[in-house]
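Enquirer: Just one file: start-v1.txt, with compact mmCIF, C-alpha atoms.
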```
# COMPACT_ATOMS: atom_id res chain seq x y z
CA MET Q 1 170.30 54.46 -94.67
CA LYS Q 2 171.58 57.97 -95.31
CA ARG Q 3 169.91 58.00 -98.72
CA VAL Q 4 166.57 56.94 -97.19
CA THR Q 5 166.83 59.63 -94.55
CA ALA Q 6 167.69 62.31 -97.09
CA PHE Q 7 164.83 61.21 -99.36
CA GLY Q 8 162.37 61.41 -96.41
CA LEU Q 9 163.55 64.88 -95.47
CA GLY Q 10 163.16 65.99 -99.05
CA LEU Q 11 159.57 64.76 -99.19
CA LEU Q 12 158.82 66.51 -95.90
CA LEU Q 13 160.20 69.84 -97.15
CA LEU Q 14 158.26 69.47 -100.39
CA CYS Q 15 155.01 68.87 -98.49
CA LEU Q 16 155.62 71.81 -96.20
CA SER Q 17 156.33 74.19 -99.06
CA GLY Q 18 153.28 72.93 -100.95
CA CYS Q 19 151.00 73.38 -97.93
CA ALA Q 20 152.25 76.90 -97.42
CA ASN Q 21 151.18 77.77 -100.94
CA ALA Q 22 147.98 75.71 -100.97
CA GLY Q 23 146.31 76.98 -97.81
CA THR Q 24 147.52 76.28 -94.31
CA VAL Q 25 146.29 78.27 -91.31
CA TYR Q 26 148.87 80.88 -92.33
CA SER Q 27 147.77 81.32 -95.95
CA ASN Q 28 145.38 84.18 -95.01
CA TYR Q 29 147.78 85.78 -92.56
CA ARG Q 30 147.65 89.55 -92.28
CA GLU Q 31 149.86 91.91 -90.34
CA LEU Q 32 147.93 93.61 -87.54
CA GLU Q 33 149.02 96.98 -88.89
CA GLU Q 34 147.17 96.18 -92.12
CA MET Q 35 143.83 95.57 -90.38
CA GLU Q 36 141.12 97.90 -89.14
CA LEU Q 37 139.28 96.34 -86.19
CA ILE Q 38 135.56 97.07 -86.48
CA LEU Q 39 134.11 97.22 -82.97
CA SER Q 40 130.53 98.44 -83.50
CA LEU Q 41 128.07 97.86 -86.34
CA GLY Q 42 124.98 99.99 -86.99
CA PHE Q 43 122.08 99.12 -89.33
CA ASP Q 44 119.36 101.41 -90.67
CA SER Q 45 116.66 101.20 -93.29
CA VAL Q 46 117.07 103.02 -96.59
CA ARG Q 47 115.10 102.78 -99.79
CA ASN Q 48 115.88 99.48 -101.53
CA GLY Q 49 118.53 98.44 -99.04
CA VAL Q 50 120.35 98.98 -95.78
CA ARG Q 51 122.66 101.65 -94.41
CA LEU Q 52 125.71 100.24 -92.65
CA SER Q 53 127.60 102.39 -90.14
CA VAL Q 54 130.82 101.14 -88.54
CA SER Q 55 133.19 102.34 -85.88
CA GLY Q 56 136.59 100.84 -85.23
CA SER Q 57 140.24 101.41 -84.65
CA SER Q 58 143.61 100.20 -85.87
CA SER Q 59 145.33 97.50 -83.84
CA GLY Q 60 146.48 98.93 -80.53
CA ALA Q 61 144.55 102.18 -80.93
CA GLU Q 62 142.20 101.27 -78.09
CA SER Q 63 145.00 101.60 -75.57
CA SER Q 64 147.01 104.39 -77.22
CA GLU Q 65 144.23 106.56 -78.64
CA GLU Q 66 144.69 109.55 -76.39
CA SER Q 67 148.50 109.50 -76.39
CA SER Q 68 148.86 109.09 -80.15
CA GLY Q 69 146.24 111.67 -81.05
CA SER Q 70 144.85 109.39 -83.76
CA LYS Q 71 141.15 109.18 -84.50
CA PHE Q 72 138.72 106.29 -84.50
CA THR Q 73 137.43 105.16 -87.85
CA ARG Q 74 133.80 106.05 -88.53
CA LEU Q 75 132.32 105.05 -91.89
CA THR Q 76 128.79 104.82 -93.24
CA THR Q 77 127.38 103.77 -96.60
CA ALA Q 78 124.28 102.21 -98.13
CA GLY Q 79 123.90 99.04 -100.14
CA THR Q 80 121.24 96.75 -101.54
CA SER Q 81 122.33 94.15 -98.96
CA ILE Q 82 124.57 93.93 -95.90
CA THR Q 83 127.24 92.20 -97.97
CA SER Q 84 127.23 94.86 -100.69
CA ALA Q 85 127.37 97.63 -98.08
CA MET Q 86 130.40 95.95 -96.46
CA GLU Q 87 132.10 95.67 -99.85
CA THR Q 88 131.47 99.34 -100.58
CA ILE Q 89 132.69 100.49 -97.18
CA GLN Q 90 135.88 98.46 -97.65
CA ASP Q 91 136.68 100.56 -100.74
CA PHE Q 92 136.88 103.67 -98.55
CA ALA Q 93 138.86 102.09 -95.71
CA THR Q 94 142.39 103.33 -95.09
CA LYS Q 95 143.55 99.82 -94.14
CA GLU Q 96 143.94 96.76 -96.33
CA GLU Q 97 141.17 94.89 -94.54
CA LEU Q 98 138.23 95.71 -92.29
CA PHE Q 99 138.12 92.94 -89.67
CA TYR Q 100 134.72 92.21 -88.10
CA ALA Q 101 135.51 89.29 -85.80
CA HIS Q 102 136.20 91.66 -82.88
CA THR Q 103 132.81 93.39 -83.16
CA GLN Q 104 131.51 94.15 -79.67
CA TYR Q 105 128.09 95.68 -80.36
CA VAL Q 106 125.32 95.50 -82.97
CA ILE Q 107 123.07 98.58 -83.02
CA LEU Q 108 119.77 98.77 -84.91
CA GLY Q 109 117.86 101.91 -85.75
CA GLU Q 110 114.23 101.64 -84.64
CA SER Q 111 112.84 101.70 -88.18
CA TYR Q 112 115.24 98.97 -89.32
CA ALA Q 113 114.60 96.84 -86.22
CA LYS Q 114 110.84 96.99 -86.74
CA THR Q 115 111.00 95.87 -90.38
CA ASN Q 116 114.18 93.81 -90.77
CA LEU Q 117 114.87 92.14 -87.41
CA ALA Q 118 114.29 88.67 -88.84
CA MET Q 119 116.77 89.34 -91.63
CA ILE Q 120 119.56 90.63 -89.40
CA LEU Q 121 119.15 87.75 -86.93
CA ASP Q 122 119.32 85.29 -89.82
CA TYR Q 123 122.39 87.04 -91.21
CA LEU Q 124 124.21 86.97 -87.86
CA GLN Q 125 123.48 83.27 -87.45
CA GLY Q 126 124.85 82.50 -90.89
CA THR Q 127 127.91 84.72 -91.11
CA THR Q 128 131.29 83.71 -89.72
CA GLY Q 129 132.46 87.31 -89.53
CA VAL Q 130 130.42 88.47 -86.52
CA ARG Q 131 129.77 86.48 -83.34
CA THR Q 132 126.14 86.03 -82.22
CA SER Q 133 127.26 86.48 -78.61
CA VAL Q 134 127.63 90.24 -79.08
CA PRO Q 135 124.99 92.45 -77.40
CA MET Q 136 122.27 93.86 -79.67
CA PHE Q 137 120.59 97.25 -79.12
CA VAL Q 138 117.73 99.16 -80.71
CA VAL Q 139 117.90 102.97 -80.89
CA HIS Q 140 114.49 104.14 -79.73
CA GLY Q 141 113.20 106.99 -81.89
CA ASP Q 142 116.44 107.50 -83.84
CA THR Q 143 118.95 105.89 -86.19
CA ALA Q 144 122.01 103.77 -85.55
CA GLU Q 145 123.92 105.98 -87.98
CA HIS Q 146 123.37 109.03 -85.77
CA LEU Q 147 124.65 107.19 -82.72
CA VAL Q 148 127.64 105.49 -84.39
CA THR Q 149 128.94 108.52 -86.28
CA SER Q 150 128.28 111.26 -83.70
CA THR Q 151 129.17 109.61 -80.37
CA GLY Q 152 132.54 110.20 -78.80
CA GLU Q 153 135.29 112.78 -78.86
CA ARG Q 154 138.76 113.21 -77.40
CA GLY Q 155 139.77 109.56 -77.67
CA SER Q 156 136.38 107.83 -77.49
CA ASP Q 157 133.76 106.46 -79.86
CA ILE Q 158 130.45 104.63 -79.66
CA THR Q 159 132.17 101.43 -78.47
CA THR Q 160 134.06 102.97 -75.57
CA THR Q 161 131.02 105.06 -74.61
CA LEU Q 162 128.71 102.02 -74.67
CA ASN Q 163 131.21 100.10 -72.51
CA SER Q 164 130.75 102.74 -69.81
CA THR Q 165 126.99 103.05 -70.34
CA ILE Q 166 126.43 99.31 -69.95
CA LEU Q 167 128.66 99.03 -66.89
CA ASP Q 168 126.84 101.89 -65.14
CA SER Q 169 123.44 100.48 -66.11
CA ARG Q 170 124.22 97.00 -64.78
CA ARG Q 171 125.55 98.48 -61.54
CA ARG Q 172 122.30 100.37 -61.06
CA GLY Q 173 120.26 97.37 -62.11
CA ASP Q 174 118.19 99.16 -64.75
CA GLY Q 175 119.57 97.59 -67.91
CA TYR Q 176 120.90 94.28 -69.23
CA PRO Q 177 122.48 93.99 -72.72
CA PHE Q 178 120.90 90.88 -74.21
CA SER Q 179 123.02 89.31 -76.94
CA CYS Q 180 121.91 88.31 -80.43
CA SER Q 181 121.97 84.64 -79.42
CA GLU Q 182 119.91 85.38 -76.29
CA VAL Q 183 117.27 87.15 -78.39
CA ILE Q 184 117.10 84.13 -80.68
CA ALA Q 185 117.10 81.56 -77.87
CA ALA Q 186 114.49 83.37 -75.75
CA GLN Q 187 112.05 83.45 -78.66
CA ASN Q 188 112.53 79.74 -79.29
CA GLU Q 189 112.20 78.82 -75.63
CA HIS Q 190 109.70 81.36 -74.28
CA GLY Q 191 108.01 82.79 -77.36
CA ALA Q 192 109.34 86.31 -76.77
CA ALA Q 193 112.57 88.15 -76.00
CA LEU Q 194 113.92 91.52 -74.92
CA MET Q 195 116.42 93.89 -76.49
CA MET Q 196 117.97 96.74 -74.56
CA ALA Q 197 116.84 100.09 -75.97
CA LEU Q 198 118.96 103.23 -76.18
CA LYS Q 199 118.05 106.86 -76.65
CA VAL Q 200 120.21 109.54 -78.25
CA VAL Q 201 120.84 112.65 -76.15
CA PRO Q 202 123.07 115.69 -76.84
CA THR Q 203 126.32 115.34 -74.92
CA GLN Q 204 126.23 119.05 -74.12
CA SER Q 205 123.24 118.41 -71.85
CA VAL Q 206 125.64 116.90 -69.29
CA GLU Q 207 129.02 118.14 -70.59
CA PRO Q 208 128.83 121.80 -71.66
CA SER Q 209 132.31 121.68 -73.21
CA ALA Q 210 131.33 118.92 -75.65
CA GLN Q 211 131.01 119.60 -79.37
CA GLU Q 212 127.63 120.91 -80.41
CA ASP Q 213 126.78 117.91 -82.59
CA ALA Q 214 128.14 115.26 -80.20
CA VAL Q 215 125.61 112.77 -78.81
CA SER Q 216 125.62 110.05 -76.16
CA PRO Q 217 123.64 106.81 -75.70
CA LEU Q 218 121.53 106.40 -72.58
CA PRO Q 219 119.48 103.36 -71.50
CA ASP Q 220 115.84 103.65 -72.55
CA GLY Q 221 114.21 100.46 -71.30
CA TYR Q 222 113.66 97.44 -73.55
CA ALA Q 223 112.07 96.46 -76.82
CA ILE Q 224 109.74 93.44 -76.61
CA VAL Q 225 110.37 90.98 -79.45
CA ARG Q 226 107.99 88.27 -80.62
CA ASP Q 227 108.17 86.35 -83.88
CA ASP Q 228 111.26 88.38 -84.81
CA THR Q 229 109.18 91.56 -84.59
CA ILE Q 230 109.26 94.43 -82.10
CA ILE Q 231 105.75 94.68 -80.69
CA ASP Q 232 106.22 97.25 -77.90
CA PHE Q 233 108.70 98.95 -75.58
CA ILE Q 234 109.17 98.78 -71.80
CA PRO Q 235 109.87 102.33 -70.53
CA GLN Q 236 113.03 103.03 -68.57
CA ALA Q 237 110.99 103.70 -65.41
CA ASP Q 238 110.00 100.02 -65.36
CA ALA Q 239 113.33 98.65 -66.59
CA ARG Q 240 114.69 97.70 -63.20
CA GLY Q 241 112.02 95.05 -62.82
CA VAL Q 242 113.61 93.16 -65.72
CA ASN Q 243 116.95 92.95 -63.93
CA LEU Q 244 115.23 91.66 -60.82
CA LEU Q 245 113.51 88.92 -62.80
CA ILE Q 246 116.81 87.65 -64.23
CA GLY Q 247 118.52 87.81 -60.82
CA GLU Q 248 120.76 90.83 -61.48
CA PRO Q 249 119.39 93.65 -59.30
CA GLY Q 250 122.54 95.76 -59.50
CA LEU Q 251 123.93 97.93 -56.73
CA GLY Q 252 121.71 100.97 -57.13
CA GLY Q 253 119.91 102.30 -54.09
CA VAL Q 254 116.23 101.55 -53.47
CA THR Q 255 114.35 104.03 -51.29
CA VAL Q 256 111.41 102.93 -49.14
CA THR Q 257 109.45 104.55 -46.32
CA ASP Q 258 109.28 103.07 -42.82
CA PRO Q 259 106.48 104.32 -40.52
CA LYS Q 260 108.94 105.16 -37.76
CA ALA Q 261 112.38 105.32 -39.35
CA GLY Q 262 111.23 107.56 -42.18
CA THR Q 263 113.08 107.39 -45.47
CA VAL Q 264 115.28 104.30 -45.73
CA THR Q 265 117.64 103.57 -48.62
CA VAL Q 266 118.96 100.05 -49.15
CA ASN Q 267 121.17 98.38 -51.71
CA MET Q 268 120.28 94.94 -53.05
CA THR Q 269 123.23 92.57 -53.36
CA SER Q 270 121.39 89.52 -54.72
CA CYS Q 271 117.89 88.21 -55.30
CA THR Q 272 115.92 85.18 -56.37
CA VAL Q 273 112.56 85.31 -58.11
CA LYS Q 274 109.85 82.65 -58.33
CA LEU Q 275 107.00 83.25 -60.75
CA GLU Q 276 103.75 81.30 -60.75
CA PRO Q 277 100.68 81.71 -62.98
CA VAL Q 278 97.42 82.97 -61.51
CA TRP Q 279 94.56 80.82 -62.82
CA GLY Q 280 91.07 82.11 -63.47
CA ALA Q 281 87.84 80.21 -62.80
CA ASP Q 282 87.70 79.16 -66.46
CA GLY Q 283 91.21 77.74 -66.40
CA SER Q 284 92.84 80.66 -68.20
CA VAL Q 285 95.89 82.53 -66.94
CA THR Q 286 94.81 85.87 -65.50
CA GLY Q 287 98.17 87.04 -64.19
CA LEU Q 288 101.50 86.19 -62.61
CA SER Q 289 102.39 85.90 -58.95
CA GLY Q 290 105.97 86.77 -58.12
CA LYS Q 291 107.88 85.98 -54.96
CA ILE Q 292 111.13 87.92 -54.61
CA ARG Q 293 113.69 87.18 -51.95
CA ALA Q 294 116.42 89.80 -51.80
CA GLN Q 295 119.48 90.40 -49.68
CA VAL Q 296 120.04 94.06 -48.88
CA TYR Q 297 122.20 96.29 -46.73
CA LEU Q 298 121.27 99.64 -45.27
CA LYS Q 299 122.79 102.64 -46.99
CA GLU Q 300 120.93 105.58 -45.49
CA VAL Q 301 118.34 105.95 -42.72
CA GLU Q 302 116.48 109.12 -41.80
CA HIS Q 303 115.97 108.10 -38.12
CA PRO Q 304 118.44 105.27 -37.32
CA SER Q 305 117.38 104.85 -33.69
CA ALA Q 306 113.75 104.35 -34.64
CA LEU Q 307 114.74 101.70 -37.14
CA ASP Q 308 116.71 99.85 -34.47
CA LYS Q 309 113.60 99.69 -32.26
CA THR Q 310 111.48 98.23 -35.03
CA ALA Q 311 114.11 95.81 -36.36
CA GLY Q 312 113.07 93.01 -34.04
```
Would you give me this structure, written as structure tokens?

Expert:
Amino acid sequence: MKRVTAFGLGLLLLCLSGCANAGTVYSNYRELEEMELILSLGFDSVRNGVRLSVSGSSSGAESSEESSGSKFTRLTTAGTSITSAMETIQDFATKEELFYAHTQYVILGESYAKTNLAMILDYLQGTTGVRTSVPMFVVHGDTAEHLVTSTGERGSDITTTLNSTILDSRRRGDGYPFSCSEVIAAQNEHGAALMMALKVVPTQSVEPSAQEDAVSPLPDGYAIVRDDTIIDFIPQADARGVNLLIGEPGLGGVTVTDPKAGTVTVNMTSCTVKLEPVWGADGSVTGLSGKIRAQVYLKEVEHPSALDKTAG
């Protein structure tokens, strides 16, 4: 019995050692200190290829950036394909491996988005390195490289800045970051989709102490996508209507005029929207009729007593 037990244990140890060498879940193990976490990817058009711009940080740098004084990684290079650009950029990395699975944002320059959107969507669906659930943006009138390499200073980069930009935009209700998978699904289901647009502005315009070449991303409406092609843009002035239609009005104030109470500012807390087609005499669709039901609370009233009298 002892011999049988010993023989069984020997076989078990042999199998375990063989698996460790042949490819268990630990065979590709890397120490976190050896990895550079890429958090934002930028794509631009170049002659005969694509320019890839990345921004990332070493493990733990997101929380200790300011205290350690270390800098975020910003790299950019061109290649004949996305894969070749990634291989080239790896050669210049200070870490053993650039790790893309934690990517938070995909940013497309306008020129690239207008000519290669189908290719990048296909790539993101096929690769295992980047999740399709990450938000996708188009830089209106500029390049992704400019935004990725020039945004952020004193412990911030394009990723941390976009985190704040998106949060503020969703609170106001004038921007929603549609993901890669949402762009794909909306086209399949509805025939068209939206991508949140960004514009590049000098940081000094709002922060005089910023570096002269530093820039910041601001919401700039949406790009309209059909057949994997950008066909037009919705300006920022009309962007809030998009949030209303998807039921996310945000908490920004809406100012209206009451005949007696004067200027009244309200905040919308929730809303529901029902859209119905408007049919023409020939049976064609001539427009859309929208019914919006919103819950609001008063934030500011010019003449409160007058509003009380008309509330009934």

Enquirer: Could you state the separation of CA of Glu145 (chain Q) and CA of Asn243 (chain Q) in Å, given to one decimal place?

Expert: 28.2 Å

Enquirer: Restricting the calculation to all atoms listed in the file: of Q:Ser133, Q:Thr143, Q:Ser55, Q:Asn267, which residue gets closest to Asp157 (chain Q)?

Expert: Q:Ser55

Enquirer: Just the residues within 12 Å of Asn116 (chain Q), please, counting all atoms listed in the file, with nothing from its chain fewer than 6 positions along; format it as JSON, numbers by chain.

Expert: {"Q": [43, 44, 45, 46, 49, 50, 81, 82, 108, 109, 110, 122, 123, 138, 227, 228, 229, 230]}

Enquirer: Can you work out which one of Q:Thr286, Q:Thr165, Q:Thr115, Q:Thr127 has the shortest atom-to-atom distance to Pro217 (chain Q), counting all atoms listed in the file?

Expert: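 The answer is Q:Thr165, which sits nearest to Pro217 (chain Q).
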
Enquirer: Could you work out how far CA of Leu251 (chain Q) lies from CA of Thr263 (chain Q), giving the answer in Å with one decimal?

Expert: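 Those two atoms sit 18.3 Å apart.
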
Enquirer: For the atom pair CA of Arg51 (chain Q) and CA of Ser216 (chain Q), what is the interatomic distance in Å to one decimal place?

Expert: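 CA of Ser216 (chain Q) lies 20.3 Å from CA of Arg51 (chain Q).
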
Enquirer: With distances taken over all atoms listed in the file, which residue among Q:Gly280, Q:Gly253, Q:Pro259, Q:Gly241 lies nearest Glu300 (chain Q)?

Expert: Q:Gly253

Enquirer: Got a sec to check which residues sit within 12 Å of (121.6, 82.9, -85.7), counting only C-alpha atoms, and write them as a list in words?

Expert: Leu117, Ala118, Met119, Ile120, Leu121, Asp122, Tyr123, Leu124, Gln125, Gly126, Thr127, Thr128, Val130, Arg131, Thr132, Ser133, Val134, Ser179, Cys180, Ser181, Glu182, Val183, Ile184, Ala185, Gln187, Asn188 and Asp228 of chain Q

Enquirer: Pick out the residues sitting within 10 Å of Asp232 (chain Q), and hand them over as a PyMOL selection string; count all atoms listed in the file, and ignore anything fewer than 6 positions along from it in its own chain.

Expert: chain Q and resi 114+222-226

Enquirer: Residues within 9 Å of Gly290 (chain Q), please, as a ChimeraX atom specification. Count only C-alpha atoms; anything in the same chain fewer than 5 positions from it doesn't count.

Expert: /Q:273-277

Enquirer: As a list in words, please: the residues near Leu244 (chain Q) (cut-off 10 Å, all atoms listed in the file, same-chain neighbours under 5 positions excluded).

Expert: Gly173, Asp174, Ala239, Pro249, Gly250, Met268, Ser270, Cys271, Thr272, Val273, Ile292 and Ala294 of chain Q

Enquirer: Tell me which of Q:Leu39, Q:Ala193, Q:Ile234, Q:Ala93 sits closest to Ile158 (chain Q), counting all atoms listed in the file.

Expert: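 Of Q:Leu39, Q:Ala193, Q:Ile234, Q:Ala93, the one nearest Ile158 (chain Q), counting all atoms listed in the file, is Q:Leu39.
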
Enquirer: Can you tell me, as a ChimeraX atom specification, what residues are no more than 8 Å from Val264 (chain Q) when counting all atoms listed in the file, ignoring any on the same chain fewer than 2 positions away?

Expert: /Q:255-258,261-262,266,298-302

Enquirer: Can you spit out the residues from that selection as a PDB file, in the frame of the given file, using C-alpha atoms?

Expert:
```pdb
ATOM      1  CA  THR Q 255     114.350 104.030 -51.290  1.00  0.00           C
ATOM      2  CA  VAL Q 256     111.410 102.930 -49.140  1.00  0.00           C
ATOM      3  CA  THR Q 257     109.450 104.550 -46.320  1.00  0.00           C
ATOM      4  CA  ASP Q 258     109.280 103.070 -42.820  1.00  0.00           C
ATOM      5  CA  ALA Q 261     112.380 105.320 -39.350  1.00  0.00           C
ATOM      6  CA  GLY Q 262     111.230 107.560 -42.180  1.00  0.00           C
ATOM      7  CA  VAL Q 266     118.960 100.050 -49.150  1.00  0.00           C
ATOM      8  CA  LEU Q 298     121.270  99.640 -45.270  1.00  0.00           C
ATOM      9  CA  LYS Q 299     122.790 102.640 -46.990  1.00  0.00           C
ATOM     10  CA  GLU Q 300     120.930 105.580 -45.490  1.00  0.00           C
ATOM     11  CA  VAL Q 301     118.340 105.950 -42.720  1.00  0.00           C
ATOM     12  CA  GLU Q 302     116.480 109.120 -41.800  1.00  0.00           C
TER      13      GLU Q 302
END
```

Enquirer: Using all atoms listed in the file, which of Q:Asp91, Q:Asp282, Q:Asp213, Q:Glu36 sits nearest Thr149 (chain Q)?

Expert: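 Residue with the minimum atom-to-atom distance to Thr149 (chain Q): Q:Asp213.
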